[in-house]
Every structure is written in C-alpha cells, then in structure tokens.
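K.L.:
Structure supplied as upload05.txt; contents: compact mmCIF, C-alpha atoms.
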```txt
# COMPACT_ATOMS: atom_id res chain seq x y z
CA MET A 883 -15.17 -9.22 1.05
CA LYS A 884 -12.19 -7.26 -0.17
CA LYS A 885 -12.61 -3.77 -1.65
CA ILE A 886 -9.69 -2.66 -3.79
CA LYS A 887 -9.06 0.67 -5.49
CA GLN A 888 -6.70 0.84 -8.44
CA VAL A 889 -5.85 3.73 -10.76
CA LEU A 890 -5.64 2.67 -14.42
CA SER A 891 -5.01 5.10 -17.23
CA GLY A 892 -4.99 4.62 -20.99
CA LYS A 893 -5.55 1.26 -22.63
CA LYS A 894 -5.45 -1.82 -20.40
CA SER A 895 -6.43 -5.46 -20.86
CA ILE A 896 -7.47 -7.41 -17.79
CA TYR A 897 -7.25 -11.19 -18.16
CA LEU A 898 -9.69 -13.13 -15.96
CA VAL A 899 -8.00 -16.50 -15.52
CA GLY A 900 -8.66 -19.48 -13.30
CA ASP A 901 -9.04 -23.22 -12.80
CA LEU A 902 -5.68 -24.49 -14.00
CA HIS A 903 -6.02 -27.62 -11.82
CA TYR A 904 -2.32 -28.39 -12.18
CA PRO A 905 -1.05 -31.01 -12.96
CA ARG A 906 -4.24 -32.34 -14.61
CA GLY A 907 -4.92 -29.11 -16.49
CA SER A 908 -3.20 -28.13 -19.71
CA VAL A 909 0.07 -26.43 -18.77
CA LYS A 910 0.71 -25.64 -22.44
CA LYS A 911 -2.51 -23.66 -22.84
CA PHE A 912 -2.05 -21.88 -19.51
CA GLN A 913 1.50 -20.90 -20.41
CA GLU A 914 0.27 -19.51 -23.72
CA VAL A 915 -1.97 -17.12 -21.77
CA VAL A 916 0.93 -16.23 -19.46
CA GLU A 917 3.05 -15.49 -22.53
CA ARG A 918 0.35 -13.25 -24.02
CA ILE A 919 0.25 -11.25 -20.80
CA SER A 920 4.04 -11.01 -20.50
CA GLU A 921 4.39 -9.69 -24.06
CA ASP A 922 2.08 -6.72 -23.44
CA TYR A 923 2.93 -4.39 -20.55
CA ASN A 924 -0.64 -3.03 -20.73
CA SER A 925 -2.01 -6.47 -19.81
CA LEU A 926 -2.97 -7.37 -16.24
CA MET A 927 -4.42 -10.49 -14.67
CA ILE A 928 -6.86 -11.37 -11.90
CA GLY A 929 -6.74 -15.03 -10.88
CA LEU A 930 -9.96 -16.84 -9.97
CA GLY A 931 -8.64 -19.85 -8.07
CA ASP A 932 -8.24 -23.64 -8.24
CA TRP A 933 -4.62 -23.46 -9.38
CA ILE A 934 -3.72 -26.97 -8.30
CA GLU A 935 -5.66 -30.21 -8.26
CA GLY A 936 -4.84 -30.84 -4.61
CA ILE A 937 -6.67 -34.18 -4.46
CA ILE A 938 -5.30 -36.58 -1.88
CA PRO A 939 -6.23 -40.10 -0.66
CA GLY A 940 -9.48 -39.88 1.30
CA ASP A 941 -10.97 -37.36 -1.11
CA PRO A 942 -13.90 -38.95 -3.03
CA ARG A 943 -12.37 -37.66 -6.29
CA TYR A 944 -9.05 -39.43 -5.68
CA HIS A 945 -8.17 -42.41 -7.86
CA PRO A 946 -4.74 -44.09 -7.71
CA VAL A 947 -4.70 -44.90 -11.44
CA GLU A 948 -5.35 -41.27 -12.33
CA ALA A 949 -2.65 -40.10 -9.90
CA HIS A 950 -0.16 -42.55 -11.44
CA ASN A 951 -1.02 -41.51 -14.99
CA ILE A 952 -0.62 -37.82 -14.20
CA SER A 953 2.89 -38.34 -12.88
CA LYS A 954 3.76 -40.68 -15.76
CA ASN A 955 2.41 -38.27 -18.38
CA ASN A 956 4.41 -35.39 -16.91
CA LYS A 957 7.53 -37.58 -16.66
CA GLU A 958 7.81 -36.83 -12.96
CA ASN A 959 7.23 -38.97 -9.92
CA ASN A 960 6.46 -36.26 -7.42
CA LEU A 961 3.32 -34.55 -8.72
CA ASN A 962 1.06 -36.30 -6.24
CA MET A 963 2.80 -34.20 -3.58
CA ILE A 964 0.82 -31.03 -2.95
CA ASN A 965 3.90 -28.89 -2.27
CA ASN A 966 5.35 -29.87 -5.66
CA GLN A 967 2.13 -28.84 -7.38
CA TRP A 968 2.37 -25.43 -5.72
CA ASP A 969 6.10 -25.10 -6.49
CA ASP A 970 5.50 -25.66 -10.20
CA PHE A 971 2.57 -23.23 -10.24
CA GLU A 972 4.71 -20.55 -8.61
CA ASP A 973 7.36 -21.03 -11.31
CA MET A 974 4.70 -20.66 -14.03
CA ILE A 975 3.45 -17.27 -12.81
CA LYS A 976 6.79 -15.71 -11.82
CA PRO A 977 7.34 -14.12 -15.26
CA ILE A 978 4.13 -12.07 -14.87
CA SER A 979 4.04 -11.60 -11.10
CA ASN A 980 4.25 -7.80 -11.47
CA GLN A 981 1.22 -7.90 -13.79
CA ILE A 982 -1.01 -9.97 -11.50
CA LEU A 983 -3.40 -7.74 -9.57
CA GLY A 984 -4.48 -10.53 -7.24
CA LEU A 985 -5.07 -14.27 -6.88
CA HIS A 986 -8.17 -15.90 -5.45
CA SER A 987 -8.02 -19.29 -3.82
CA GLY A 988 -10.55 -21.99 -4.70
CA ASN A 989 -12.16 -25.07 -3.25
CA HIS A 990 -9.32 -27.42 -4.33
CA GLY A 991 -6.49 -25.54 -2.61
CA GLY A 992 -8.93 -24.32 0.04
CA ASN A 993 -9.75 -27.88 1.09
CA ILE A 994 -6.08 -28.48 1.86
CA SER A 995 -5.94 -25.26 3.91
CA LYS A 996 -9.03 -26.25 5.89
CA ARG A 997 -7.74 -29.74 6.66
CA TYR A 998 -4.20 -28.80 7.62
CA SER A 999 -4.32 -25.07 8.51
CA CYS A 1000 -1.63 -24.39 5.91
CA ASN A 1001 -2.18 -21.80 3.18
CA ILE A 1002 0.56 -22.22 0.57
CA LEU A 1003 -1.05 -19.87 -1.97
CA GLU A 1004 -0.97 -17.02 0.51
CA SER A 1005 2.74 -17.68 1.05
CA ILE A 1006 3.33 -17.64 -2.71
CA CYS A 1007 1.54 -14.30 -2.97
CA LYS A 1008 3.74 -12.85 -0.22
CA ARG A 1009 6.93 -14.03 -1.93
CA LEU A 1010 5.88 -12.64 -5.31
CA ASP A 1011 4.27 -9.46 -3.91
CA ILE A 1012 0.83 -10.34 -5.27
CA LYS A 1013 -2.40 -9.45 -3.48
CA TYR A 1014 -3.93 -12.56 -1.91
CA LEU A 1015 -7.72 -12.50 -2.40
CA GLY A 1016 -8.82 -15.69 -0.62
CA GLU A 1017 -12.09 -17.45 -1.40
CA GLN A 1018 -14.29 -14.43 -0.64
CA PRO A 1019 -15.41 -11.97 -3.33
CA ALA A 1020 -13.33 -8.95 -4.23
CA VAL A 1021 -14.81 -5.68 -5.51
CA TRP A 1022 -12.46 -3.63 -7.69
CA ASP A 1023 -12.83 0.09 -8.28
CA PHE A 1024 -10.68 0.85 -11.32
CA SER A 1025 -10.48 4.57 -11.93
CA SER A 1026 -8.97 7.09 -14.30
CA LYS A 1027 -9.20 10.86 -14.21
CA ASP A 1028 -12.73 10.84 -15.63
CA ASN A 1029 -14.15 7.33 -15.26
CA HIS A 1030 -14.72 4.38 -12.94
CA VAL A 1031 -15.34 0.76 -13.81
CA PHE A 1032 -16.24 -1.82 -11.16
CA PHE A 1033 -15.35 -5.52 -11.19
CA GLN A 1034 -16.60 -8.27 -8.85
CA THR A 1035 -14.34 -11.34 -8.82
CA PHE A 1036 -14.61 -14.60 -6.90
CA HIS A 1037 -14.01 -18.32 -7.31
CA GLY A 1038 -17.56 -19.56 -6.88
CA SER A 1039 -19.29 -22.63 -5.51
CA GLY A 1040 -21.95 -25.19 -6.36
CA GLY A 1041 -22.09 -28.35 -8.41
CA GLY A 1042 -24.20 -27.71 -11.52
CA VAL A 1043 -22.70 -28.87 -14.83
CA THR A 1044 -25.09 -27.36 -17.40
CA PRO A 1045 -24.43 -24.09 -19.26
CA GLY A 1046 -27.72 -22.74 -17.95
CA TYR A 1047 -26.63 -23.33 -14.37
CA ALA A 1048 -23.44 -21.33 -14.89
CA VAL A 1049 -25.27 -18.37 -16.45
CA THR A 1050 -27.90 -18.36 -13.69
CA LYS A 1051 -25.24 -18.59 -10.98
CA ALA A 1052 -23.32 -15.61 -12.34
CA ASP A 1053 -26.55 -13.62 -12.71
CA LYS A 1054 -27.55 -14.41 -9.12
CA CYS A 1055 -24.15 -13.36 -7.78
CA SER A 1056 -24.32 -10.15 -9.81
CA ARG A 1057 -27.09 -8.84 -7.55
CA ILE A 1058 -25.05 -8.69 -4.37
CA PHE A 1059 -23.23 -5.40 -4.99
CA ALA A 1060 -24.60 -2.32 -6.75
CA ASP A 1061 -23.05 -0.70 -9.84
CA ILE A 1062 -20.88 -3.65 -10.86
CA ASN A 1063 -19.85 -3.59 -14.53
CA VAL A 1064 -18.04 -6.96 -14.72
CA VAL A 1065 -18.89 -10.06 -12.69
CA ALA A 1066 -16.17 -12.71 -13.05
CA MET A 1067 -16.37 -16.18 -11.51
CA GLY A 1068 -14.43 -19.40 -11.80
CA HIS A 1069 -15.37 -22.89 -10.59
CA THR A 1070 -18.00 -23.73 -13.23
CA HIS A 1071 -15.35 -24.37 -15.94
CA LYS A 1072 -17.78 -22.84 -18.45
CA LEU A 1073 -16.41 -20.20 -20.82
CA SER A 1074 -19.09 -17.64 -21.57
CA ILE A 1075 -20.15 -14.02 -21.23
CA ASN A 1076 -23.76 -13.06 -20.58
CA THR A 1077 -24.63 -9.40 -21.07
CA SER A 1078 -27.28 -7.99 -18.77
CA ILE A 1079 -28.66 -4.58 -17.89
CA GLN A 1080 -28.24 -3.29 -14.36
CA PRO A 1081 -31.30 -1.79 -12.64
CA LEU A 1082 -32.23 1.41 -14.47
CA ASP A 1083 -30.99 4.67 -13.02
CA VAL A 1084 -33.90 7.13 -13.02
CA LYS A 1085 -32.15 9.95 -11.18
CA GLY A 1086 -31.81 13.15 -13.18
CA ASP A 1087 -33.44 14.05 -16.50
CA LYS A 1088 -32.67 10.84 -18.38
CA ILE A 1089 -33.10 7.16 -17.69
CA LYS A 1090 -29.67 5.57 -17.79
CA GLN A 1091 -28.86 1.94 -18.42
CA ASN A 1092 -25.50 0.25 -18.03
CA VAL A 1093 -24.47 -3.05 -19.57
CA GLN A 1094 -23.08 -5.63 -17.16
CA PHE A 1095 -20.79 -8.44 -18.31
CA GLN A 1096 -21.40 -11.66 -16.38
CA CYS A 1097 -18.41 -13.90 -17.03
CA ASN A 1098 -17.85 -17.60 -16.45
CA CYS A 1099 -14.12 -17.57 -16.97
CA GLY A 1100 -13.36 -21.07 -18.21
CA SER A 1101 -10.61 -23.45 -17.15
CA PHE A 1102 -7.60 -25.32 -18.49
CA LEU A 1103 -9.00 -28.71 -17.61
CA PRO A 1104 -9.84 -31.25 -20.33
CA ASN A 1105 -12.21 -34.01 -19.27
CA TYR A 1106 -11.32 -36.53 -21.94
CA LEU A 1107 -7.75 -37.56 -22.76
CA GLU A 1108 -6.76 -40.87 -24.31
CA ASP A 1109 -5.55 -43.36 -21.68
CA MET A 1110 -5.87 -40.67 -18.99
CA PRO A 1111 -9.15 -41.40 -17.16
CA SER A 1112 -10.23 -38.57 -14.89
CA TYR A 1113 -12.86 -37.75 -12.29
CA GLY A 1114 -14.85 -35.82 -14.89
CA GLU A 1115 -14.72 -38.74 -17.31
CA ARG A 1116 -15.86 -41.20 -14.66
CA LYS A 1117 -18.80 -38.91 -13.90
CA MET A 1118 -19.51 -38.49 -17.66
CA TYR A 1119 -19.35 -34.70 -17.48
CA PRO A 1120 -19.55 -32.95 -20.86
CA PRO A 1121 -16.29 -31.94 -22.59
CA LEU A 1122 -15.06 -28.55 -21.47
CA PRO A 1123 -13.85 -25.49 -23.39
CA MET A 1124 -10.43 -24.33 -22.27
CA GLY A 1125 -9.47 -20.67 -22.06
CA CYS A 1126 -10.19 -17.43 -20.23
CA ILE A 1127 -11.79 -14.01 -20.69
CA ARG A 1128 -10.14 -10.66 -21.34
CA VAL A 1129 -11.72 -7.28 -20.66
CA ASP A 1130 -10.27 -4.41 -22.67
CA LEU A 1131 -10.44 -0.94 -21.13
CA ASP A 1132 -9.73 2.49 -22.56
CA ASP A 1133 -9.52 5.12 -19.84
CA CYS A 1134 -11.59 2.78 -17.61
CA ARG A 1135 -14.36 2.34 -20.17
CA ILE A 1136 -15.07 -1.18 -21.41
CA VAL A 1137 -14.46 -1.37 -25.15
CA ASP A 1138 -14.39 -5.15 -25.66
CA ALA A 1139 -14.64 -8.42 -23.75
CA PRO A 1140 -13.39 -11.30 -25.90
CA VAL A 1141 -13.14 -14.97 -25.01
CA ILE A 1142 -9.51 -16.17 -25.26
CA ILE A 1143 -9.08 -19.76 -26.47
CA PRO A 1144 -5.42 -20.87 -26.54
CA LEU A 1145 -4.24 -22.99 -29.45
```
Translate the structure of the given file into structure tokens.

P.N.:
Amino acid sequence: MKKIKQVLSGKKSIYLVGDLHYPRGSVKKFQEVVERISEDYNSLMIGLGDWIEGIIPGDPRYHPVEAHNISKNNKENNLNMINNQWDDFEDMIKPISNQILGLHSGNHGGNISKRYSCNILESICKRLDIKYLGEQPAVWDFSSKDNHVFFQTFHGSGGGVTPGYAVTKADKCSRIFADINVVAMGHTHKLSINTSIQPLDVKGDKIKQNVQFQCNCGSFLPNYLEDMPSYGERKMYPPLPMGCIRVDLDDCRIVDAPVIIPL
C-alpha cells in the first residue's frame, strides 16, 4: 500500500484513467482525454494501469493473426515488440507528465515484469518525474485549508465480465480502508459509478453519513473491429464502453463525478 498526501486548493478535476492496452486500444480516444487534461491546468490524472497489451508468444491470449493485424493497422512493423509499445506510450503522456499524480501498473505490464524482472513503466515514471504506484493500492489524502477528501486507487484483479461483478468487486474493495470517499479501479473495463453510503458516524450529537463513489474506470479497448479479430471477440465478451471518469473538486469537496466518453 502507498499512502500519499497532496495539498489541493480551489477547483480541481481528477481524471481516473486506465486500460489503454496499446496498441490494441484506441489511441485516438486516449489522446482526446490527454488533450482535455493538457488544456486545463486545473486538471490532474491518476493512471490505473494496463497501458500496453504486452502479450507475447506463450501467453494463452496471444494469436499471430491478431498481432499481424495490429501492426498492419497501425502501419508499423514493430508493435509486437514490448519496448516499442512502452516507447509510444511514453510519448503519448509526455505532454501531461506534470499533471499526472501517479501511474499504477497492471496485470499486462506486470506479467512482463514478473517473467523478466524488468519494470519499464517504473523507468518511464522516473524519466518523467511521475510517482510510480505499482500494482498495490494507493490511498490519497487530498487536503485544503478546511477539508480532506480521500481516494483509493488500484488496478484490480479477477475475471468476471458482467456489470454486476464489477460493481460488487468495487464495493468489496471499498471496505478495506476507512473514510474513503472515492474508490477507483481499473481492470474490469466497465465504465460506471456506484454511489454508496459509508458506515454511519454516530459520534457527537448528529448521525453523519458520507457518500462514497465506487468507480469502475473504463478502458480504451474495443472488442469488435471489422477484420481485426481479438481475444475478447474470440471469447465472445460483450462490447465495451470506452472512456474514463473525472472527479471534480472544489476546495477538496466533491461537486461532481461525470463519466467521460471520448468522441
């Protein structure tokens, strides 16, 4: 676990973004989100992992036709190379590196690290001066002069594909740390916000209740593209929404939490 304290004053928007799965994910939609962040100096980002596809021969998800089509579709011949996937991802996030609060890893990049003891994402974070968050959860204490708001971010795990699974998973993970206002997870590729009430606070004269936002933060990964068969298509997974979630703060009070769906 990482515990991070950050002072935030005034109006801020925190984008919760993950699961690009480059080069199979939609670079165009991801770059639209990057552009939105870059155009507003009050916008910040926390990354939830699975930035590259990172699937190599020997992985049960690998298919040579899919690998060929990805390179052909991107008009490059080198995108099956893991280092090239990471190089391109680094170029994509450079314009907003000073607005990224931290980047989680995920199971796709993490599998490469486990097999070969080589963590390229951590090296990228060092070069761009971004906090590396790893695969473990991070607890954020955002504070202003008068208020605190607490985020719990992590990539996630598990293999359920239904919307109900994703909601239940986020709710289960929300019970690990006390007083969390926003729970944000990747991995499920679902794009949804479930509002829940934290355990009631009965200290003092009044019973207090606080709303908690349990967020499945989407992806940029389409399952069904013409003449581009994928692992998800072979498994007949349902089509996926693409996008992310933004949490708007005013003096560290949550004022809105919209779903962001790029064009």

K.L.:
Which of these residues is nearest to Pro1019 of chain A, using all atoms listed in the file: A:Met1067, A:Ile1006, A:Ile1062, A:Met974?

P.N.:
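Closest candidate: A:Met1067.
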
K.L.:
Please identify all polymer residues within 6 Å of segment 1126-1131 of chain A, counting only C-alpha atoms, omitting same-chain residues fewer than 2 positions from it, and present them as a ChimeraX atom specification.

P.N.:
/A:893-899,1099-1100,1134-1142

K.L.:
Find the residues of segment 942-1047 of chain A that sit at most 9 Å from segment 917-936 of chain A; for each, write down the nearest two atoms and how far apart they are in Å, to one decimal. Count all atoms listed in the file. Sort by chain, then by number going up, and give it as a tab-separated table.

P.N.:
```
residue	atom	partner	partner_atom	distance
A:Asn962	CA	A:Gly936	CA	8.2
A:Met963	CA	A:Gly936	CA	8.4
A:Ile964	CA	A:Gly936	CA	5.9
A:Gln967	CA	A:Ile934	CA	6.2
A:Trp968	CA	A:Ile934	CA	6.8
A:Phe971	CA	A:Trp933	CA	7.2
A:Pro977	CA	A:Ser920	CA	6.9
A:Ile978	CA	A:Ser920	CA	5.7
A:Asn980	CA	A:Leu926	CA	8.7
A:Gln981	CA	A:Leu926	CA	4.9
A:Ile982	CA	A:Met927	CA	4.7
A:Leu983	CA	A:Ile928	CA	5.5
A:Gly984	CA	A:Ile928	CA	5.3
A:Leu985	CA	A:Gly929	CA	4.4
A:His986	CA	A:Gly931	CA	4.8
A:Ser987	CA	A:Gly931	CA	4.3
A:Gly988	CA	A:Gly931	CA	4.4
A:Asn989	CA	A:Asp932	CA	6.5
A:His990	CA	A:Asp932	CA	5.5
A:Gly991	CA	A:Gly936	CA	5.9
A:Gly992	CA	A:Asp932	CA	8.3
A:Asn993	CA	A:Gly936	CA	8.1
A:Ile994	CA	A:Gly936	CA	7.0
A:Leu1003	CA	A:Trp933	CA	9.0
A:Leu1015	CA	A:Gly929	CA	8.9
A:Gly1016	CA	A:Gly931	CA	8.5
A:Glu1017	CA	A:Gly931	CA	7.9
A:Thr1035	CA	A:Leu930	CA	7.1
A:Phe1036	CA	A:Leu930	CA	6.0
A:His1037	CA	A:Leu930	CA	5.1
A:Gly1038	CA	A:Leu930	CA	8.6
```

K.L.:
Nearest to Gly1125 of chain A among A:Lys1054, A:His945, A:Lys911, A:Lys1008, with distances taken over all atoms listed in the file: which residue is it?

P.N.:
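Checking each candidate against Gly1125 of chain A, we get A:Lys911 as the closest.
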
K.L.:
Could you tell me how far atom CA of Lys1117 of chain A lies from atom CA of His903 of chain A, in Å and to one decimal?

P.N.:
17.2 Å

K.L.:
Atom CA of Phe1024 of chain A to atom CA of Ser1056 of chain A: how many Å, to one decimal?

P.N.:
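Between these atoms lies a distance of 17.6 Å.
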
K.L.:
In terms of the shortest atom-to-atom distance over all atoms listed in the file, which of A:Ile1012, A:Val947, A:Val909, A:Val1093 is closest to Val1031 of chain A?

P.N.:
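Of A:Ile1012, A:Val947, A:Val909, A:Val1093, the one nearest Val1031 of chain A, counting all atoms listed in the file, is A:Val1093.
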
K.L.:
Counting only C-alpha atoms, which residues have an atom no more than 7 Å from (-26.4, -7.4, -15.3) in the file's coordinates? Please list them as an MDAnalysis selection string.

P.N.:
chainID A and resid 1053 1056 1077:1080 1093:1096

K.L.:
Quote the spacing between atom CA of Pro1045 of chain A and atom CA of Ala1066 of chain A in Å to one decimal place.

P.N.:
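Atom-to-atom, atom CA of Pro1045 of chain A to atom CA of Ala1066 of chain A, that is 15.4 Å.
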
K.L.:
For Glu948 of chain A, please output as number ranges by chain all residues within 8 Å (counting all atoms listed in the file; exclusion window: fewer than 4 positions along the same chain).

P.N.:
A: 944, 952, 1110-1112

K.L.:
Would you mind telling me which residue in A:Cys1055, A:Cys1007, A:Ile1143, A:Leu1103 lies nearest to Tyr904 of chain A when using only C-alpha atoms?

P.N.:
A:Leu1103

K.L.:
Taking all atoms listed in the file into account, name the residue in A:Asn1092, A:Val916, A:Leu1010, A:Pro939 that is nearest to Ser979 of chain A.

P.N.:
A:Leu1010

K.L.:
Choose the residue, out of A:Asp970, A:Glu1004, A:Asp1028, A:Asp901, that has the smallest atom-to-atom separation from Asp1132 of chain A; count all atoms listed in the file.

P.N.:
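The answer is A:Asp1028, which sits nearest to Asp1132 of chain A.
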
K.L.:
Could you make a table, as a Markdown table, of the residues of segment 1016-1097 of chain A that have an atom within 6 Å of an atom of segment 883-892 of chain A, each with its nearest atom pair and distance in Å to one decimal, counting all atoms listed in the file, in chain and number order?

P.N.:
```
| residue | atom | partner | partner_atom | distance |
| --- | --- | --- | --- | --- |
| A:Gln1018 | CA | A:Met883 | CA | 5.5 |
| A:Pro1019 | CA | A:Met883 | CA | 5.2 |
| A:Ala1020 | CA | A:Lys884 | CA | 4.5 |
| A:Val1021 | CA | A:Lys885 | CA | 4.8 |
| A:Trp1022 | CA | A:Ile886 | CA | 4.9 |
| A:Asp1023 | CA | A:Lys887 | CA | 4.7 |
| A:Phe1024 | CA | A:Gln888 | CA | 4.9 |
| A:Ser1025 | CA | A:Val889 | CA | 4.8 |
| A:Ser1026 | CA | A:Ser891 | CA | 5.3 |
```
